[in-house]
file protein06.txt (compact mmCIF, C-alpha atoms)
# COMPACT_ATOMS: atom_id res chain seq x y z
CA MET A 1 9.69 -0.51 93.12
CA GLU A 2 11.57 -3.65 92.22
CA GLY A 3 10.60 -6.97 93.75
CA VAL A 4 12.72 -8.56 96.44
CA PRO A 5 15.11 -11.14 94.96
CA VAL A 6 14.12 -14.69 95.88
CA ILE A 7 16.04 -17.97 95.69
CA THR A 8 14.77 -21.52 95.91
CA ILE A 9 16.63 -23.68 98.41
CA LEU A 10 16.65 -27.49 98.15
CA TYR A 11 17.71 -29.89 100.91
CA PHE A 12 18.73 -33.51 100.39
CA ALA A 13 19.40 -36.62 102.49
CA TRP A 14 19.95 -36.00 106.22
CA LEU A 15 19.67 -32.25 105.85
CA ARG A 16 16.10 -32.69 104.61
CA ASP A 17 15.34 -35.16 107.40
CA ARG A 18 16.64 -32.87 110.11
CA LEU A 19 15.13 -29.66 108.76
CA GLY A 20 11.81 -31.36 108.00
CA ARG A 21 11.50 -29.92 104.50
CA SER A 22 12.85 -30.58 101.03
CA SER A 23 12.61 -27.04 99.68
CA GLU A 24 11.72 -23.46 100.51
CA SER A 25 11.67 -20.03 98.93
CA MET A 26 13.93 -17.51 100.60
CA PRO A 27 13.76 -13.76 99.96
CA LEU A 28 17.38 -12.63 99.90
CA PRO A 29 18.07 -10.35 102.86
CA GLU A 30 19.91 -7.11 102.15
CA GLY A 31 23.59 -7.74 101.54
CA VAL A 32 23.27 -11.49 100.89
CA ARG A 33 25.18 -12.01 97.67
CA PHE A 34 27.20 -15.20 98.10
CA VAL A 35 26.60 -18.80 99.12
CA GLY A 36 28.50 -18.13 102.35
CA ASP A 37 26.05 -15.31 103.15
CA VAL A 38 23.11 -17.69 102.61
CA ILE A 39 24.69 -20.25 104.95
CA ARG A 40 25.25 -17.61 107.64
CA SER A 41 21.70 -16.39 107.21
CA LEU A 42 20.32 -19.94 107.66
CA ALA A 43 22.56 -20.50 110.69
CA GLU A 44 20.96 -17.48 112.36
CA ARG A 45 17.62 -19.25 112.43
CA ASP A 46 16.53 -21.21 115.46
CA GLY A 47 16.65 -24.90 116.21
CA GLU A 48 17.87 -27.40 113.66
CA TYR A 49 18.97 -24.73 111.18
CA ARG A 50 21.48 -23.38 113.67
CA ALA A 51 22.78 -26.87 114.34
CA VAL A 52 22.95 -27.90 110.68
CA PHE A 53 24.38 -24.71 109.19
CA GLY A 54 26.24 -23.34 112.18
CA LEU A 55 28.16 -26.25 113.56
CA GLN A 56 28.32 -28.69 110.65
CA GLY A 57 29.27 -26.34 107.87
CA GLY A 58 32.21 -28.48 106.84
CA ALA A 59 30.01 -31.51 106.29
CA ILE A 60 27.70 -29.73 103.85
CA ARG A 61 28.08 -29.39 100.10
CA CYS A 62 26.32 -26.87 97.89
CA ALA A 63 25.21 -26.47 94.30
CA VAL A 64 23.93 -23.34 92.59
CA ASN A 65 21.73 -24.01 89.57
CA GLN A 66 22.89 -27.64 89.66
CA GLU A 67 26.62 -26.83 89.55
CA PHE A 68 28.83 -27.54 92.57
CA ALA A 69 29.49 -24.26 94.35
CA GLY A 70 31.47 -22.89 97.29
CA PRO A 71 30.98 -20.09 99.83
CA ASP A 72 32.46 -17.52 97.44
CA ASP A 73 30.06 -18.24 94.58
CA GLY A 74 27.34 -15.69 93.96
CA VAL A 75 23.58 -16.11 94.32
CA ARG A 76 21.03 -14.10 92.39
CA ASP A 77 17.31 -13.73 92.03
CA GLY A 78 15.75 -16.94 90.73
CA ASP A 79 18.71 -19.19 91.56
CA GLU A 80 18.24 -22.77 92.74
CA VAL A 81 20.57 -23.34 95.70
CA ALA A 82 20.92 -26.90 96.99
CA PHE A 83 22.51 -28.08 100.24
CA PHE A 84 23.42 -31.71 100.79
CA PRO A 85 25.95 -34.06 102.43
CA PRO A 86 29.02 -35.31 100.56
CA VAL A 87 27.79 -37.70 97.88
CA THR A 88 27.71 -41.49 98.33
CA GLY A 89 26.64 -43.00 95.01
CA GLY A 90 27.95 -45.94 93.02
CA MET B 1 29.79 -42.18 69.86
CA ALA B 2 26.73 -42.83 71.95
CA ILE B 3 26.47 -41.76 75.55
CA ARG B 4 23.51 -43.19 77.40
CA VAL B 5 22.71 -42.08 80.95
CA SER B 6 19.72 -43.26 82.94
CA VAL B 7 18.76 -42.78 86.58
CA GLN B 8 15.86 -45.09 87.30
CA THR B 9 14.07 -47.16 89.91
CA ALA B 10 13.54 -50.09 87.54
CA ALA B 11 15.93 -53.01 87.21
CA PHE B 12 18.13 -53.10 84.12
CA SER B 13 19.39 -55.85 81.83
CA MET B 14 23.13 -56.06 81.17
CA ASP B 15 22.46 -58.02 78.00
CA ALA B 16 19.99 -55.48 76.66
CA GLU B 17 22.31 -52.59 77.51
CA HIS B 18 25.23 -54.39 75.91
CA ALA B 19 23.23 -55.01 72.73
CA ARG B 20 22.20 -51.37 72.59
CA LEU B 21 25.77 -50.18 73.12
CA MET B 22 27.06 -52.38 70.28
CA GLN B 23 24.87 -50.70 67.66
CA GLY B 24 27.24 -48.84 65.39
CA GLY B 25 30.33 -50.05 67.19
CA HIS B 26 32.00 -52.00 64.38
CA ALA B 27 35.46 -50.73 65.31
CA ALA B 28 35.01 -51.96 68.87
CA GLY B 29 37.28 -54.61 70.33
CA GLY B 30 35.85 -54.83 73.81
CA VAL B 31 33.48 -53.63 76.48
CA GLY B 32 34.66 -52.65 79.94
CA ALA B 33 31.89 -53.39 82.45
CA PHE B 34 31.21 -52.72 86.09
CA LEU B 35 28.07 -53.93 87.85
CA GLY B 36 27.71 -52.57 91.37
CA VAL B 37 25.47 -54.44 93.80
CA VAL B 38 24.25 -53.76 97.34
CA ARG B 39 26.88 -55.19 99.68
CA GLY B 40 25.50 -56.94 102.76
CA GLY B 41 26.94 -57.50 106.21
CA ALA B 42 26.57 -56.02 109.71
CA GLY B 43 22.84 -56.68 109.63
CA LEU B 44 22.16 -54.59 106.53
CA ARG B 45 18.85 -55.36 104.86
CA ALA B 46 18.58 -52.70 102.15
CA LEU B 47 19.74 -49.33 100.88
CA THR B 48 17.53 -46.47 99.81
CA LEU B 49 19.19 -44.28 97.21
CA GLU B 50 18.22 -40.68 96.69
CA HIS B 51 19.46 -38.28 94.02
CA TYR B 52 19.23 -34.69 92.83
CA PRO B 53 17.12 -34.97 89.67
CA GLY B 54 18.63 -33.07 86.77
CA MET B 55 22.02 -32.41 88.32
CA THR B 56 22.73 -36.12 88.66
CA GLU B 57 22.06 -36.83 84.99
CA SER B 58 24.10 -33.84 83.83
CA MET B 59 27.08 -34.73 86.05
CA ILE B 60 27.09 -38.34 84.85
CA GLY B 61 26.79 -37.15 81.26
CA ARG B 62 29.85 -34.95 81.69
CA ILE B 63 31.84 -37.76 83.31
CA ALA B 64 30.95 -40.06 80.41
CA ALA B 65 31.89 -37.36 77.88
CA ASP B 66 35.22 -36.84 79.64
CA ALA B 67 35.83 -40.61 79.56
CA GLN B 68 35.05 -40.64 75.85
CA ALA B 69 37.52 -37.86 75.13
CA ARG B 70 40.26 -39.23 77.36
CA PHE B 71 40.07 -42.90 76.36
CA GLY B 72 38.70 -42.61 72.82
CA LEU B 73 35.55 -44.54 73.64
CA LEU B 74 33.12 -45.66 70.96
CA GLY B 75 30.24 -45.73 73.41
CA CYS B 76 29.46 -45.36 77.10
CA THR B 77 26.41 -46.41 79.09
CA VAL B 78 25.76 -45.52 82.74
CA ILE B 79 22.61 -46.77 84.47
CA HIS B 80 22.15 -45.88 88.15
CA ARG B 81 19.20 -47.04 90.19
CA VAL B 82 17.48 -45.08 92.96
CA GLY B 83 14.89 -46.05 95.53
CA ARG B 84 14.96 -49.06 97.87
CA LEU B 85 17.33 -51.89 96.91
CA VAL B 86 17.86 -55.02 99.01
CA VAL B 87 21.23 -56.69 99.61
CA GLY B 88 22.53 -58.28 96.41
CA GLU B 89 20.46 -56.16 94.03
CA PRO B 90 22.25 -54.28 91.23
CA ILE B 91 22.73 -50.54 91.84
CA VAL B 92 24.88 -49.30 88.99
CA LEU B 93 26.01 -50.43 85.57
CA VAL B 94 28.86 -48.87 83.60
CA LEU B 95 29.71 -50.11 80.10
CA CYS B 96 32.57 -48.61 78.10
CA LEU B 97 33.04 -49.59 74.45
CA ALA B 98 36.52 -49.20 72.99
CA ALA B 99 38.80 -50.51 70.28
CA HIS B 100 41.12 -52.09 72.83
CA ARG B 101 41.00 -53.66 76.29
CA ALA B 102 43.12 -51.16 78.25
CA ALA B 103 40.99 -48.18 77.21
CA ALA B 104 37.75 -50.05 77.94
CA LEU B 105 38.84 -51.11 81.44
CA ASP B 106 40.54 -47.84 82.39
CA ALA B 107 37.54 -45.83 81.23
CA THR B 108 35.23 -47.99 83.33
CA ALA B 109 37.30 -47.32 86.46
CA PHE B 110 37.49 -43.61 85.58
CA VAL B 111 33.69 -43.33 85.28
CA MET B 112 33.10 -45.18 88.55
CA ASP B 113 35.70 -43.18 90.48
CA TRP B 114 34.22 -39.85 89.39
CA LEU B 115 30.66 -41.02 89.76
CA LYS B 116 31.33 -41.80 93.41
CA THR B 117 32.66 -38.33 94.13
CA ARG B 118 30.79 -36.01 91.72
CA ALA B 119 27.32 -37.46 91.07
CA PRO B 120 24.77 -36.34 93.68
CA PHE B 121 23.47 -39.60 95.11
CA TRP B 122 23.00 -40.43 98.78
CA LYS B 123 22.50 -43.82 100.43
CA ARG B 124 20.49 -44.57 103.53
CA GLU B 125 21.09 -47.92 105.18
CA GLU B 126 18.25 -50.00 106.59
CA PHE B 127 19.15 -52.74 109.08
CA GLU B 128 17.42 -55.95 110.11
CA ASP B 129 16.56 -54.42 113.51
CA GLY B 130 14.80 -51.49 111.83
CA ARG B 131 17.50 -48.89 112.39
CA THR B 132 18.29 -46.55 109.50
CA ALA B 133 21.38 -44.40 108.95
CA TRP B 134 22.73 -42.18 106.17
CA VAL B 135 26.01 -43.45 104.74
CA ASP B 136 29.02 -41.16 105.23
CA ALA B 137 31.22 -40.31 102.25
CA ARG B 138 34.49 -42.24 102.12
CA GLU B 139 37.78 -40.43 101.93
CA ALA B 140 39.13 -43.37 99.94
CA ASP B 141 36.73 -42.47 97.11
CA ASP B 142 38.26 -39.00 96.84
CA VAL B 143 41.72 -40.54 96.70
CA ALA B 144 40.61 -42.96 93.98
CA ALA B 145 39.18 -40.13 91.88
CA ALA B 146 42.22 -37.90 92.40
CA ARG B 147 44.47 -40.34 90.56
CA TRP B 148 42.70 -39.33 87.34
CA ALA B 149 42.94 -35.62 88.06
CA ARG B 150 45.82 -34.91 85.67
CA ASP B 151 43.48 -32.98 83.39
CA GLY B 152 41.18 -31.67 86.07
CA ARG B 153 37.98 -33.17 87.28
CA PRO B 154 34.79 -33.58 85.30
CA GLY B 155 32.30 -30.76 85.56
call {"tool": "encode", "arguments": {"input": "protein06.txt", "output": "structure tokens"}}
result
Amino acid sequence: MEGVPVITILYFAWLRDRLGRSSESMPLPEGVRFVGDVIRSLAERDGEYRAVFGLQGGAIRCAVNQEFAGPDDGVRDGDEVAFFPPVTGG
Amino acid sequence: MAIRVSVQTAAFSMDAEHARLMQGGHAAGGVGAFLGVVRGGAGLRALTLEHYPGMTESMIGRIAADAQARFGLLGCTVIHRVGRLVVGEPIVLVLCLAAHRAAALDATAFVMDWLKTRAPFWKREEFEDGRTAWVDAREADDVAAARWARDGRPG
């Protein structure tokens, strides 16, 4: 029997503050193949996750394996998926 | 052509970075430079800068490489600080070495415009009264970067 695919999720800036964690491992539920699926899956959780990923989706950016990504980009076992606000460097 | 990228908490020296950039730059006619500092006002005491280690360095490296290709740079240095920085402290240094002035100055603006929209940094403001707040992204930064988008964006 093959192992369940797992991704590492990273949170930065106010997402980390609100969710109270900077990273977590997430076993990929059946049928979760794209970034948009991951976001929907997180939005189904209770509390801050619902607020952050359900209502404020437009204010969140994503990277998969340190490349900017969108809802239609794929996620696979072992991927590093990061969620963060629009960047404000310089 | 030397590209140097550093994300660091420590202060940097413009003179030392300039001297390093000039090594091997005998065809150079000028250095475009931008030194960003923490802007005060409205009771701001300090900024705390956070980044995405690894991705930040690779994005800046690509922006610098794109600047090199587009403007024919002889060297490019980008130093960006993270951590807590009080009002007036340097945040970012961009140096672009080129044969001529226009390329050096344009490349410096190009690197800064893309850095502000593509490099994963985030700023949290800290005010005199103890309040803190994450800085929102500015639409004007996207507009500034878009003017270079003729050949697509870096990364």
call {"tool": "interface_residues", "arguments": {"input": "protein06.txt", "of": "chain A", "to": "chain B", "cutoff": "10 Å", "atoms": "all atoms listed in the file", "output": "ChimeraX atom specification"}}
result
/A:10-14,59,63,65-68,82,84-90
call {"tool": "residues_around", "arguments": {"input": "protein06.txt", "residues": "region 34-47 of chain A", "least_positions_apart": "5", "cutoff": "7 Å", "atoms": "all atoms listed in the file", "output": "list in words"}}
result
Phe53, Gly54, Gly70, Pro71, Asp72, Asp73, Gly74 and Val75 of chain A
call {"tool": "residues_around", "arguments": {"input": "protein06.txt", "residues": "region 95-101 of chain B", "least_positions_apart": "5", "cutoff": "8 Å", "atoms": "all atoms listed in the file", "output": "ChimeraX atom specification"}}
result
/B:18,21-22,25,27-34,71-78,107-108
call {"tool": "write_last_selection", "arguments": {"input": "protein06.txt", "atoms": "C-alpha atoms", "output": "PDB file, keeping the file's coordinate frame"}}
result
ATOM      1  CA  HIS B  18      25.230 -54.390  75.910  1.00  0.00           C
ATOM      2  CA  LEU B  21      25.770 -50.180  73.120  1.00  0.00           C
ATOM      3  CA  MET B  22      27.060 -52.380  70.280  1.00  0.00           C
ATOM      4  CA  GLY B  25      30.330 -50.050  67.190  1.00  0.00           C
ATOM      5  CA  ALA B  27      35.460 -50.730  65.310  1.00  0.00           C
ATOM      6  CA  ALA B  28      35.010 -51.960  68.870  1.00  0.00           C
ATOM      7  CA  GLY B  29      37.280 -54.610  70.330  1.00  0.00           C
ATOM      8  CA  GLY B  30      35.850 -54.830  73.810  1.00  0.00           C
ATOM      9  CA  VAL B  31      33.480 -53.630  76.480  1.00  0.00           C
ATOM     10  CA  GLY B  32      34.660 -52.650  79.940  1.00  0.00           C
ATOM     11  CA  ALA B  33      31.890 -53.390  82.450  1.00  0.00           C
ATOM     12  CA  PHE B  34      31.210 -52.720  86.090  1.00  0.00           C
ATOM     13  CA  PHE B  71      40.070 -42.900  76.360  1.00  0.00           C
ATOM     14  CA  GLY B  72      38.700 -42.610  72.820  1.00  0.00           C
ATOM     15  CA  LEU B  73      35.550 -44.540  73.640  1.00  0.00           C
ATOM     16  CA  LEU B  74      33.120 -45.660  70.960  1.00  0.00           C
ATOM     17  CA  GLY B  75      30.240 -45.730  73.410  1.00  0.00           C
ATOM     18  CA  CYS B  76      29.460 -45.360  77.100  1.00  0.00           C
ATOM     19  CA  THR B  77      26.410 -46.410  79.090  1.00  0.00           C
ATOM     20  CA  VAL B  78      25.760 -45.520  82.740  1.00  0.00           C
ATOM     21  CA  ALA B 107      37.540 -45.830  81.230  1.00  0.00           C
ATOM     22  CA  THR B 108      35.230 -47.990  83.330  1.00  0.00           C
TER      23      THR B 108
END
call {"tool": "closest_residue", "arguments": {"input": "protein06.txt", "among": "B:His26, B:Gln8, B:Asp15, B:Arg45", "to": "Asp129 (chain B)", "atoms": "all atoms listed in the file"}}
result
B:Arg45
call {"tool": "closest_residue", "arguments": {"input": "protein06.txt", "among": "A:Val52, A:Met26, A:Val81, A:Val6", "to": "Ala69 (chain A)", "atoms": "all atoms listed in the file"}}
result
A:Val81
call {"tool": "residues_around", "arguments": {"input": "protein06.txt", "residues": "Leu47 (chain B)", "least_positions_apart": "5", "cutoff": "9 Å", "atoms": "all atoms listed in the file", "output": "PyMOL selection string"}}
result
chain B and resi 38+83-87+123-127
call {"tool": "closest_residue", "arguments": {"input": "protein06.txt", "among": "B:Ala140, B:Ala145, B:Ala109, B:Ile79", "to": "Ile3 (chain B)", "atoms": "only C-alpha atoms"}}
result
B:Ile79
